[in-house]
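File shown here: structure27.txt, holding compact mmCIF, C-alpha atoms and all ligand atoms.
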# COMPACT_ATOMS: atom_id res chain seq x y z
CA MET A 1 -80.95 -116.81 6.37
CA ARG A 2 -80.48 -117.87 2.73
CA HIS A 3 -77.81 -116.15 0.68
CA ASP A 4 -76.57 -116.43 -2.88
CA ARG A 5 -73.13 -118.05 -2.65
CA ARG A 6 -72.15 -117.04 -6.21
CA VAL A 7 -72.16 -113.26 -5.68
CA ARG A 8 -69.30 -111.57 -3.84
CA THR A 9 -68.76 -107.96 -2.75
CA ASP A 10 -65.17 -106.75 -3.03
CA PHE A 11 -63.42 -104.69 -0.34
CA ASP A 12 -60.10 -102.98 -1.00
CA PRO A 13 -58.34 -101.97 2.23
CA ALA A 14 -56.58 -99.13 0.40
CA GLU A 15 -59.94 -97.69 -0.67
CA LEU A 16 -61.90 -98.44 2.48
CA GLY A 17 -59.36 -97.05 4.94
CA SER A 18 -57.93 -98.91 7.92
CA ARG A 19 -60.69 -98.06 10.41
CA SER A 20 -63.49 -99.37 8.17
CA PHE A 21 -61.42 -102.37 7.13
CA TYR A 22 -60.80 -103.15 10.81
CA ARG A 23 -64.58 -103.17 11.32
CA LEU A 24 -64.89 -105.58 8.40
CA LEU A 25 -62.14 -107.84 9.78
CA THR A 26 -63.60 -107.98 13.28
CA ALA A 27 -67.07 -108.73 11.86
CA THR A 28 -65.46 -111.54 9.84
CA ILE A 29 -62.83 -113.19 12.02
CA LEU A 30 -65.07 -114.55 14.74
CA PRO A 31 -65.79 -115.71 17.33
CA ARG A 32 -62.63 -114.42 19.01
CA PRO A 33 -61.78 -115.68 22.49
CA ILE A 34 -61.03 -112.94 24.98
CA ALA A 35 -57.80 -112.63 26.96
CA TRP A 36 -58.66 -110.74 30.12
CA VAL A 37 -55.20 -109.43 30.94
CA SER A 38 -54.13 -108.28 34.39
CA THR A 39 -50.93 -106.30 34.84
CA THR A 40 -49.42 -104.09 37.54
CA SER A 41 -48.00 -100.65 36.83
CA GLU A 42 -44.68 -99.35 38.15
CA ASP A 43 -46.74 -97.35 40.66
CA GLY A 44 -48.41 -100.55 41.89
CA VAL A 45 -51.82 -100.00 40.22
CA ASP A 46 -53.47 -103.27 39.17
CA ASN A 47 -54.80 -103.01 35.62
CA LEU A 48 -57.28 -105.29 33.87
CA ALA A 49 -58.32 -105.13 30.20
CA PRO A 50 -59.94 -107.45 27.61
CA HIS A 51 -58.10 -108.27 24.37
CA SER A 52 -59.84 -110.31 21.69
CA PHE A 53 -56.86 -110.42 19.34
CA PHE A 54 -55.72 -113.47 21.25
CA THR A 55 -54.58 -117.04 20.66
CA VAL A 56 -52.03 -119.77 21.42
CA ALA A 57 -48.69 -118.93 19.80
CA CYS A 58 -46.47 -121.90 20.69
CA VAL A 59 -46.88 -125.36 22.21
CA ASP A 60 -43.37 -126.04 23.56
CA PRO A 61 -42.70 -123.84 25.40
CA PRO A 62 -46.32 -122.85 26.07
CA ILE A 63 -46.74 -119.30 24.76
CA VAL A 64 -49.90 -117.24 24.31
CA GLN A 65 -50.23 -113.98 22.42
CA PHE A 66 -52.47 -110.94 22.42
CA THR A 67 -52.29 -107.70 20.47
CA SER A 68 -52.49 -104.16 21.75
CA VAL A 69 -53.90 -101.83 19.13
CA GLY A 70 -52.14 -98.63 20.03
CA ARG A 71 -50.18 -98.04 23.21
CA LYS A 72 -52.37 -98.75 26.22
CA ASP A 73 -51.81 -99.20 29.96
CA THR A 74 -51.64 -102.99 29.58
CA LEU A 75 -48.79 -102.77 27.05
CA ARG A 76 -46.92 -100.14 29.08
CA ASN A 77 -47.17 -102.31 32.24
CA VAL A 78 -46.06 -105.46 30.39
CA GLU A 79 -43.07 -103.64 28.95
CA ALA A 80 -42.17 -102.22 32.37
CA ASN A 81 -42.68 -105.34 34.52
CA ARG A 82 -42.58 -108.23 32.02
CA GLU A 83 -45.38 -110.13 33.78
CA PHE A 84 -49.10 -110.55 33.20
CA VAL A 85 -52.01 -112.94 33.76
CA VAL A 86 -54.42 -113.98 31.01
CA HIS A 87 -57.86 -114.95 32.30
CA LEU A 88 -60.77 -116.64 30.65
CA THR A 89 -64.03 -114.68 30.43
CA PRO A 90 -67.09 -116.70 31.53
CA GLU A 91 -70.57 -115.54 30.58
CA ASP A 92 -71.55 -114.64 34.14
CA LEU A 93 -68.79 -111.99 34.16
CA PHE A 94 -69.87 -110.53 30.78
CA GLU A 95 -70.72 -107.06 32.12
CA GLN A 96 -67.57 -106.83 34.24
CA VAL A 97 -65.43 -107.83 31.26
CA ASN A 98 -67.00 -105.05 29.22
CA ALA A 99 -66.58 -102.58 32.11
CA THR A 100 -62.83 -103.22 32.13
CA GLY A 101 -62.67 -102.19 28.46
CA THR A 102 -63.39 -98.60 29.49
CA ASN A 103 -60.36 -96.33 28.96
CA TYR A 104 -59.77 -95.42 32.59
CA PRO A 105 -56.68 -93.33 33.36
CA ALA A 106 -53.60 -95.30 34.45
CA HIS A 107 -54.01 -94.50 38.17
CA HIS A 108 -57.53 -95.99 38.18
CA SER A 109 -57.64 -99.78 38.73
CA GLU A 110 -60.24 -101.61 36.62
CA PHE A 111 -60.42 -104.28 39.37
CA ASP A 112 -61.95 -101.65 41.65
CA ALA A 113 -64.01 -99.95 38.93
CA ALA A 114 -65.66 -103.25 37.99
CA GLY A 115 -65.92 -104.48 41.60
CA LEU A 116 -63.72 -107.53 40.97
CA GLU A 117 -61.94 -109.29 43.79
CA ARG A 118 -58.22 -109.98 43.39
CA GLU A 119 -56.34 -113.06 44.51
CA PRO A 120 -52.55 -113.39 44.58
CA SER A 121 -50.86 -115.14 41.68
CA LEU A 122 -48.44 -117.98 42.37
CA ARG A 123 -45.55 -117.13 40.03
CA VAL A 124 -46.02 -113.49 38.93
CA ARG A 125 -46.71 -110.15 40.60
CA PRO A 126 -49.97 -109.03 38.91
CA PRO A 127 -52.98 -110.44 40.80
CA ARG A 128 -55.53 -112.84 39.41
CA VAL A 129 -59.26 -112.19 38.97
CA LYS A 130 -60.65 -114.43 41.71
CA ALA A 131 -63.94 -115.09 39.88
CA SER A 132 -62.37 -116.17 36.58
CA PRO A 133 -62.19 -119.96 36.26
CA VAL A 134 -58.86 -119.99 34.40
CA ALA A 135 -55.77 -117.85 35.01
CA LEU A 136 -52.61 -118.27 32.93
CA GLU A 137 -49.66 -116.62 34.64
CA CYS A 138 -47.22 -115.35 32.02
CA VAL A 139 -43.71 -113.98 31.76
CA LEU A 140 -43.03 -111.75 28.77
CA HIS A 141 -41.32 -113.67 25.97
CA GLY A 142 -41.17 -110.71 23.61
CA THR A 143 -43.13 -108.17 21.63
CA MET A 144 -43.43 -107.52 17.94
CA SER A 145 -44.61 -104.16 16.65
CA PHE A 146 -46.04 -103.40 13.25
CA GLY A 147 -48.09 -100.39 12.13
CA ASP A 148 -50.27 -99.19 15.00
CA SER A 149 -50.21 -102.49 16.89
CA THR A 150 -47.95 -104.53 19.16
CA MET A 151 -48.19 -108.28 19.56
CA VAL A 152 -47.33 -109.46 23.07
CA LEU A 153 -46.03 -113.00 23.54
CA GLY A 154 -46.15 -114.49 27.03
CA ARG A 155 -44.64 -117.76 28.25
CA VAL A 156 -47.16 -119.45 30.52
CA VAL A 157 -45.35 -120.33 33.74
CA HIS A 158 -48.41 -121.44 35.70
CA ALA A 159 -52.07 -122.24 35.06
CA ALA A 160 -54.62 -122.02 37.88
CA VAL A 161 -58.03 -123.55 37.08
CA HIS A 162 -61.12 -123.72 39.28
CA THR A 163 -61.42 -127.41 40.08
CA ASP A 164 -65.18 -127.44 39.50
CA VAL A 165 -64.78 -126.62 35.79
CA LEU A 166 -62.60 -129.69 35.23
CA ALA A 167 -64.17 -132.75 33.62
CA GLU A 168 -63.25 -136.33 34.52
CA ASP A 169 -60.40 -136.33 31.99
CA GLY A 170 -58.75 -133.47 33.92
CA LEU A 171 -59.38 -130.86 31.21
CA PRO A 172 -61.74 -127.87 31.49
CA ALA A 173 -65.26 -128.68 30.23
CA VAL A 174 -66.51 -126.04 27.82
CA ASP A 175 -70.06 -126.03 29.23
CA ARG A 176 -68.64 -125.34 32.71
CA LEU A 177 -66.35 -122.59 31.42
CA SER A 178 -69.20 -121.05 29.40
CA PRO A 179 -66.87 -118.54 27.69
CA VAL A 180 -68.08 -115.34 26.06
CA SER A 181 -66.34 -114.35 22.85
CA ARG A 182 -66.11 -111.19 20.80
CA LEU A 183 -67.88 -110.87 17.46
CA GLY A 184 -68.21 -107.76 15.24
CA ARG A 185 -69.94 -104.44 16.02
CA ASN A 186 -71.04 -104.52 19.69
CA GLU A 187 -71.92 -108.20 19.45
CA TRP A 188 -70.64 -110.91 21.75
CA GLY A 189 -70.96 -114.69 21.43
CA VAL A 190 -72.07 -117.12 24.12
CA HIS A 191 -71.37 -120.80 24.41
CA GLY A 192 -73.64 -122.80 22.09
CA GLU A 193 -74.06 -126.33 20.79
CA VAL A 194 -70.92 -128.49 20.73
CA LYS A 195 -70.33 -130.97 17.91
CA ARG A 196 -67.81 -133.78 18.25
CA ILE A 197 -65.86 -135.48 15.49
CA ASP A 198 -62.58 -137.41 15.49
CA ARG A 199 -59.72 -136.46 13.16
CA VAL A 200 -59.59 -138.86 10.24
CA PRO A 201 -56.06 -140.22 9.70
CA TYR A 202 -54.70 -140.53 6.16
CA GLU A 203 -54.43 -144.14 5.21
CA ALA A 204 -52.29 -144.98 2.24
CA ASP A 205 -53.27 -148.23 0.57
C1 LIG B 1 -64.24 -107.59 24.49
C2 LIG B 1 -63.20 -106.59 24.18
C3 LIG B 1 -62.10 -106.95 23.44
C4 LIG B 1 -61.07 -106.03 23.17
N1 LIG B 1 -59.99 -106.42 22.45
C5 LIG B 1 -58.95 -105.58 22.28
C6 LIG B 1 -57.76 -106.01 21.63
O1 LIG B 1 -57.63 -107.16 21.16
N2 LIG B 1 -56.72 -105.12 21.52
C7 LIG B 1 -56.82 -103.86 22.03
O2 LIG B 1 -55.86 -103.09 21.92
N3 LIG B 1 -57.93 -103.42 22.65
C8 LIG B 1 -58.98 -104.27 22.80
N4 LIG B 1 -60.10 -103.84 23.46
C9 LIG B 1 -60.14 -102.49 24.00
C10 LIG B 1 -59.36 -102.40 25.32
O3 LIG B 1 -59.81 -103.34 26.25
C11 LIG B 1 -59.52 -100.97 25.85
O4 LIG B 1 -58.87 -100.07 24.97
C12 LIG B 1 -59.00 -100.80 27.26
O5 LIG B 1 -59.34 -99.54 27.73
C13 LIG B 1 -57.49 -100.95 27.36
O6 LIG B 1 -57.17 -100.83 28.71
P1 LIG B 1 -55.75 -100.41 29.27
O7 LIG B 1 -55.44 -99.04 28.72
O8 LIG B 1 -55.97 -100.42 30.73
O9 LIG B 1 -54.77 -101.43 28.79
C14 LIG B 1 -61.16 -104.72 23.68
C15 LIG B 1 -62.30 -104.33 24.43
C16 LIG B 1 -63.30 -105.26 24.68
C17 LIG B 1 -64.48 -104.84 25.50
Mind turning this structure into C-alpha cells?
Amino acid sequence: MRHDRRVRTDFDPAELGSRSFYRLLTATILPRPIAWVSTTSEDGVDNLAPHSFFTVACVDPPIVQFTSVGRKDTLRNVEANREFVVHLTPEDLFEQVNATGTNYPAHHSEFDAAGLEREPSLRVRPPRVKASPVALECVLHGTMSFGDSTMVLGRVVHAAVHTDVLAEDGLPAVDRLSPVSRLGRNEWGVHGEVKRIDRVPYEAD
C-alpha cells in the first residue's frame, strides 16, 4: 500500500489516555516474540501464560525479561517460587498459545485447559511444555515495577531445544522453529521470508 511519507499524525499520550496509547504502541512495536511462561503456584498448580513484552536483557550472565501488565498468576508464582520456564511459540501451537491467555482462576491449570502435555524441567520446578521446541529454564534475577507493570528478569540456567530444529551449525533454524509473534489488535505474525546480510565493519583509511 502506498502512503505519503511527508504527512504525520500526532498522538499525545496525555490526551489519548493510557489504554488507547497502549493499543497504539502494540500496533507499532511489532512483531513481538512471545514468551510462553510456565510457573508453579504455592499450591502446586502449573500455570502457563503468553507474554509478548519479552526480550533478551543481558548476555553475560544470560538473562531474559518479560513484563506483567498488572498483577497476574504468573507474576505471583514467580515472586513466590522464583522459578519459571520461557518457551518459544511455534505456529502449530498458535491456538493453544492463545487459549493460555484466557484469564483462568489461579486453581485452574492452563496446561490442562489447553490440553498441553507437561515434561519435567531439568533445573527448575515448573514443568516444560513438551510440544514447544525451545524451553529456557530461569531463576528469578529480580523484578522492577513501574506504573501498572512489573518487569521480570530471569537468569537462564538451562536451555532445552528439540534436536530436530537445530541446523548444522548447532543453532535453531528459524524455518524449523516457525515462531508466531504478536502484532497489534488481534493480529499475529507468522514466519515469513528471511533476508541475509553481513554486518559491515567500519574501516578507517
Ligand atoms: C499472545 C499474547 C501475548 C500477551 N502478552 C502479555 C504481556 O506481555 N504481558 C501481560 O501482562 N499479559 C500479556 N498477555 C495476556 C496474558 O497472557 C493474560 O492476561 C493471562 O491470562 C495471564 O495469565 P496468568 O494470570 O495465568 O498469569 C498476552 C496474551 C496473549 C494471547
Between A:Gly44, A:Pro50, A:Pro33, A:Gly142, which one has atoms that come closest to ligand LIG 1 (chain B), using all atoms listed in the file?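 Using all atoms listed in the file, the shortest distance to ligand LIG 1 (chain B) belongs to A:Pro50.
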Got a sec: who's within 12 Å of Glu187 in chain A, counting all atoms listed in the file, leaving out chain neighbours fewer than 3 positions off, as a PDB file with C-alpha atoms, in the frame of the given file?
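Listed below is the output, part-v4.pdb:
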ATOM      1  CA  THR A  26     -63.600-107.980  13.280  1.00  0.00           C
ATOM      2  CA  ALA A  27     -67.070-108.730  11.860  1.00  0.00           C
ATOM      3  CA  LEU A  30     -65.070-114.550  14.740  1.00  0.00           C
ATOM      4  CA  PRO A  31     -65.790-115.710  17.330  1.00  0.00           C
ATOM      5  CA  ARG A  32     -62.630-114.420  19.010  1.00  0.00           C
ATOM      6  CA  PHE A  94     -69.870-110.530  30.780  1.00  0.00           C
ATOM      7  CA  ASN A  98     -67.000-105.050  29.220  1.00  0.00           C
ATOM      8  CA  VAL A 180     -68.080-115.340  26.060  1.00  0.00           C
ATOM      9  CA  SER A 181     -66.340-114.350  22.850  1.00  0.00           C
ATOM     10  CA  ARG A 182     -66.110-111.190  20.800  1.00  0.00           C
ATOM     11  CA  LEU A 183     -67.880-110.870  17.460  1.00  0.00           C
ATOM     12  CA  GLY A 184     -68.210-107.760  15.240  1.00  0.00           C
ATOM     13  CA  VAL A 190     -72.070-117.120  24.120  1.00  0.00           C
TER      14      VAL A 190
END
As a VMD selection string, please: every protein or nucleic acid residue near ligand LIG 1 (chain B) (cut-off 6 Å, counting all atoms listed in the file). chain A and resid 47 to 53 67 to 69 72 to 74 98 101 to 103 182
Choose the residue, out of A:Ala160, A:Leu116, A:Val124, A:Val64, that has the smallest atom-to-atom separation from Thr40 in chain A; count all atoms listed in the file. A:Val124
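Proximity ranking of A:Ala204, A:Val165, A:Ile63, A:Arg185 relative to Leu25 in chain A places A:Arg185 first, based on all atoms listed in the file.
Restricting the calculation to all atoms listed in the file, the smallest distance between Ser149 in chain A and any of A:Leu136, A:Leu75, A:Ala114, A:Leu93 is found for A:Leu75.
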Please write as a PDB file with C-alpha atoms, keeping the file's coordinate frame the list of polymer residues whose atoms come within 10 Å of (-48.6, -104.5, 15.9), counting only C-alpha atoms and keeping to the coordinates of the file.
ATOM      1  CA  PHE A  66     -52.470-110.940  22.420  1.00  0.00           C
ATOM      2  CA  THR A  67     -52.290-107.700  20.470  1.00  0.00           C
ATOM      3  CA  SER A  68     -52.490-104.160  21.750  1.00  0.00           C
ATOM      4  CA  VAL A  69     -53.900-101.830  19.130  1.00  0.00           C
ATOM      5  CA  GLY A  70     -52.140 -98.630  20.030  1.00  0.00           C
ATOM      6  CA  ARG A  71     -50.180 -98.040  23.210  1.00  0.00           C
ATOM      7  CA  THR A 143     -43.130-108.170  21.630  1.00  0.00           C
ATOM      8  CA  MET A 144     -43.430-107.520  17.940  1.00  0.00           C
ATOM      9  CA  SER A 145     -44.610-104.160  16.650  1.00  0.00           C
ATOM     10  CA  PHE A 146     -46.040-103.400  13.250  1.00  0.00           C
ATOM     11  CA  GLY A 147     -48.090-100.390  12.130  1.00  0.00           C
ATOM     12  CA  ASP A 148     -50.270 -99.190  15.000  1.00  0.00           C
ATOM     13  CA  SER A 149     -50.210-102.490  16.890  1.00  0.00           C
ATOM     14  CA  THR A 150     -47.950-104.530  19.160  1.00  0.00           C
ATOM     15  CA  MET A 151     -48.190-108.280  19.560  1.00  0.00           C
ATOM     16  CA  VAL A 152     -47.330-109.460  23.070  1.00  0.00           C
TER      17      VAL A 152
END
Around the point (-48.8, -112.5, 39.3) in the file's coordinates, collect all residues with an atom within 12 Å, using only C-alpha atoms, and return them as a VMD selection string. chain A and resid 37 to 40 46 to 47 78 81 to 87 118 to 129 135 to 139 156 to 160
Shortest interatomic distance to Leu88 in chain A - which of A:Trp36, A:Tyr22, A:Phe11, A:Tyr104, counting all atoms listed in the file: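 Going through A:Trp36, A:Tyr22, A:Phe11, A:Tyr104 one by one, the smallest distance to Leu88 in chain A is for A:Trp36.
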Using only C-alpha atoms, the best pick from A:Glu15, A:Asp60, A:Glu42, A:Glu79 as closest to Leu140 in chain A would be A:Glu79
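Taking CA of Thr9 in chain A and CA of Gly189 in chain A as endpoints, the distance between them is 25.2 Å.
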What is the distance, in Å and to one decimal place, between CA of Phe54 in chain A and CA of Ile34 in chain A?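 Answer for the CA of Phe54 in chain A to CA of Ile34 in chain A separation: 6.5 Å.
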Quick check, in Å to one decimal: how far apart do CA of Arg76 in chain A and CA of Phe111 in chain A lie?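 Distance between the two atoms: 17.5 Å.
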Missing atoms of range 101-121 of chain A rebuilt to N, CA, C and O atoms, written as a PDB file, keeping the file's coordinate frame:
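What follows is the written file out-v4.pdb:
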ATOM      1  N   GLY A 101     -63.093-102.703  29.762  1.00  0.00           N
ATOM      2  CA  GLY A 101     -62.670-102.190  28.460  1.00  0.00           C
ATOM      3  C   GLY A 101     -62.810-100.674  28.370  1.00  0.00           C
ATOM      4  O   GLY A 101     -62.500-100.072  27.341  1.00  0.00           O
ATOM      5  N   THR A 102     -63.288-100.056  29.448  1.00  0.00           N
ATOM      6  CA  THR A 102     -63.390 -98.600  29.490  1.00  0.00           C
ATOM      7  C   THR A 102     -61.981 -98.006  29.647  1.00  0.00           C
ATOM      8  O   THR A 102     -61.156 -98.566  30.362  1.00  0.00           O
ATOM      9  N   ASN A 103     -61.737 -96.885  28.957  1.00  0.00           N
ATOM     10  CA  ASN A 103     -60.360 -96.330  28.960  1.00  0.00           C
ATOM     11  C   ASN A 103     -60.109 -95.455  30.193  1.00  0.00           C
ATOM     12  O   ASN A 103     -59.930 -94.248  30.097  1.00  0.00           O
ATOM     13  N   TYR A 104     -60.080 -96.126  31.344  1.00  0.00           N
ATOM     14  CA  TYR A 104     -59.770 -95.420  32.590  1.00  0.00           C
ATOM     15  C   TYR A 104     -58.343 -94.880  32.545  1.00  0.00           C
ATOM     16  O   TYR A 104     -57.468 -95.472  31.906  1.00  0.00           O
ATOM     17  N   PRO A 105     -58.075 -93.785  33.250  1.00  0.00           N
ATOM     18  CA  PRO A 105     -56.680 -93.330  33.360  1.00  0.00           C
ATOM     19  C   PRO A 105     -55.846 -94.345  34.122  1.00  0.00           C
ATOM     20  O   PRO A 105     -56.387 -95.168  34.872  1.00  0.00           O
ATOM     21  N   ALA A 106     -54.516 -94.263  33.937  1.00  0.00           N
ATOM     22  CA  ALA A 106     -53.600 -95.300  34.450  1.00  0.00           C
ATOM     23  C   ALA A 106     -53.678 -95.475  35.973  1.00  0.00           C
ATOM     24  O   ALA A 106     -53.465 -96.575  36.482  1.00  0.00           O
ATOM     25  N   HIS A 107     -54.002 -94.397  36.699  1.00  0.00           N
ATOM     26  CA  HIS A 107     -54.010 -94.500  38.170  1.00  0.00           C
ATOM     27  C   HIS A 107     -55.287 -95.155  38.700  1.00  0.00           C
ATOM     28  O   HIS A 107     -55.436 -95.372  39.892  1.00  0.00           O
ATOM     29  N   HIS A 108     -56.218 -95.469  37.793  1.00  0.00           N
ATOM     30  CA  HIS A 108     -57.530 -95.990  38.180  1.00  0.00           C
ATOM     31  C   HIS A 108     -57.541 -97.502  37.912  1.00  0.00           C
ATOM     32  O   HIS A 108     -57.436 -97.923  36.763  1.00  0.00           O
ATOM     33  N   SER A 109     -57.667 -98.332  38.947  1.00  0.00           N
ATOM     34  CA  SER A 109     -57.640 -99.780  38.730  1.00  0.00           C
ATOM     35  C   SER A 109     -59.001-100.289  38.254  1.00  0.00           C
ATOM     36  O   SER A 109     -60.035-100.046  38.889  1.00  0.00           O
ATOM     37  N   GLU A 110     -58.988-101.028  37.148  1.00  0.00           N
ATOM     38  CA  GLU A 110     -60.240-101.610  36.620  1.00  0.00           C
ATOM     39  C   GLU A 110     -60.785-102.684  37.563  1.00  0.00           C
ATOM     40  O   GLU A 110     -61.981-102.989  37.523  1.00  0.00           O
ATOM     41  N   PHE A 111     -59.921-103.311  38.376  1.00  0.00           N
ATOM     42  CA  PHE A 111     -60.420-104.280  39.370  1.00  0.00           C
ATOM     43  C   PHE A 111     -61.442-103.580  40.259  1.00  0.00           C
ATOM     44  O   PHE A 111     -62.524-104.111  40.530  1.00  0.00           O
ATOM     45  N   ASP A 112     -61.072-102.379  40.727  1.00  0.00           N
ATOM     46  CA  ASP A 112     -61.950-101.650  41.650  1.00  0.00           C
ATOM     47  C   ASP A 112     -63.150-101.071  40.915  1.00  0.00           C
ATOM     48  O   ASP A 112     -64.281-101.123  41.415  1.00  0.00           O
ATOM     49  N   ALA A 113     -62.907-100.547  39.704  1.00  0.00           N
ATOM     50  CA  ALA A 113     -64.010 -99.950  38.930  1.00  0.00           C
ATOM     51  C   ALA A 113     -65.095-100.975  38.633  1.00  0.00           C
ATOM     52  O   ALA A 113     -66.290-100.663  38.657  1.00  0.00           O
ATOM     53  N   ALA A 114     -64.682-102.221  38.353  1.00  0.00           N
ATOM     54  CA  ALA A 114     -65.660-103.250  37.990  1.00  0.00           C
ATOM     55  C   ALA A 114     -66.073-104.091  39.206  1.00  0.00           C
ATOM     56  O   ALA A 114     -66.862-105.027  39.071  1.00  0.00           O
ATOM     57  N   GLY A 115     -65.544-103.754  40.385  1.00  0.00           N
ATOM     58  CA  GLY A 115     -65.920-104.480  41.600  1.00  0.00           C
ATOM     59  C   GLY A 115     -65.454-105.928  41.583  1.00  0.00           C
ATOM     60  O   GLY A 115     -66.172-106.831  42.029  1.00  0.00           O
ATOM     61  N   LEU A 116     -64.237-106.164  41.079  1.00  0.00           N
ATOM     62  CA  LEU A 116     -63.720-107.530  40.970  1.00  0.00           C
ATOM     63  C   LEU A 116     -62.694-107.806  42.057  1.00  0.00           C
ATOM     64  O   LEU A 116     -61.774-107.010  42.266  1.00  0.00           O
ATOM     65  N   GLU A 117     -62.870-108.929  42.718  1.00  0.00           N
ATOM     66  CA  GLU A 117     -61.940-109.290  43.790  1.00  0.00           C
ATOM     67  C   GLU A 117     -60.640-109.847  43.202  1.00  0.00           C
ATOM     68  O   GLU A 117     -60.658-110.614  42.236  1.00  0.00           O
ATOM     69  N   ARG A 118     -59.522-109.450  43.804  1.00  0.00           N
ATOM     70  CA  ARG A 118     -58.220-109.980  43.390  1.00  0.00           C
ATOM     71  C   ARG A 118     -57.892-111.214  44.218  1.00  0.00           C
ATOM     72  O   ARG A 118     -58.395-111.378  45.334  1.00  0.00           O
ATOM     73  N   GLU A 119     -57.002-112.044  43.689  1.00  0.00           N
ATOM     74  CA  GLU A 119     -56.340-113.060  44.510  1.00  0.00           C
ATOM     75  C   GLU A 119     -54.883-113.080  44.077  1.00  0.00           C
ATOM     76  O   GLU A 119     -54.566-112.767  42.921  1.00  0.00           O
ATOM     77  N   PRO A 120     -53.957-113.423  44.973  1.00  0.00           N
ATOM     78  CA  PRO A 120     -52.550-113.390  44.580  1.00  0.00           C
ATOM     79  C   PRO A 120     -52.247-114.464  43.537  1.00  0.00           C
ATOM     80  O   PRO A 120     -52.821-115.550  43.577  1.00  0.00           O
ATOM     81  N   SER A 121     -51.341-114.140  42.615  1.00  0.00           N
ATOM     82  CA  SER A 121     -50.860-115.140  41.680  1.00  0.00           C
ATOM     83  C   SER A 121     -49.774-115.958  42.356  1.00  0.00           C
ATOM     84  O   SER A 121     -49.204-115.544  43.370  1.00  0.00           O
TER      85      SER A 121
END
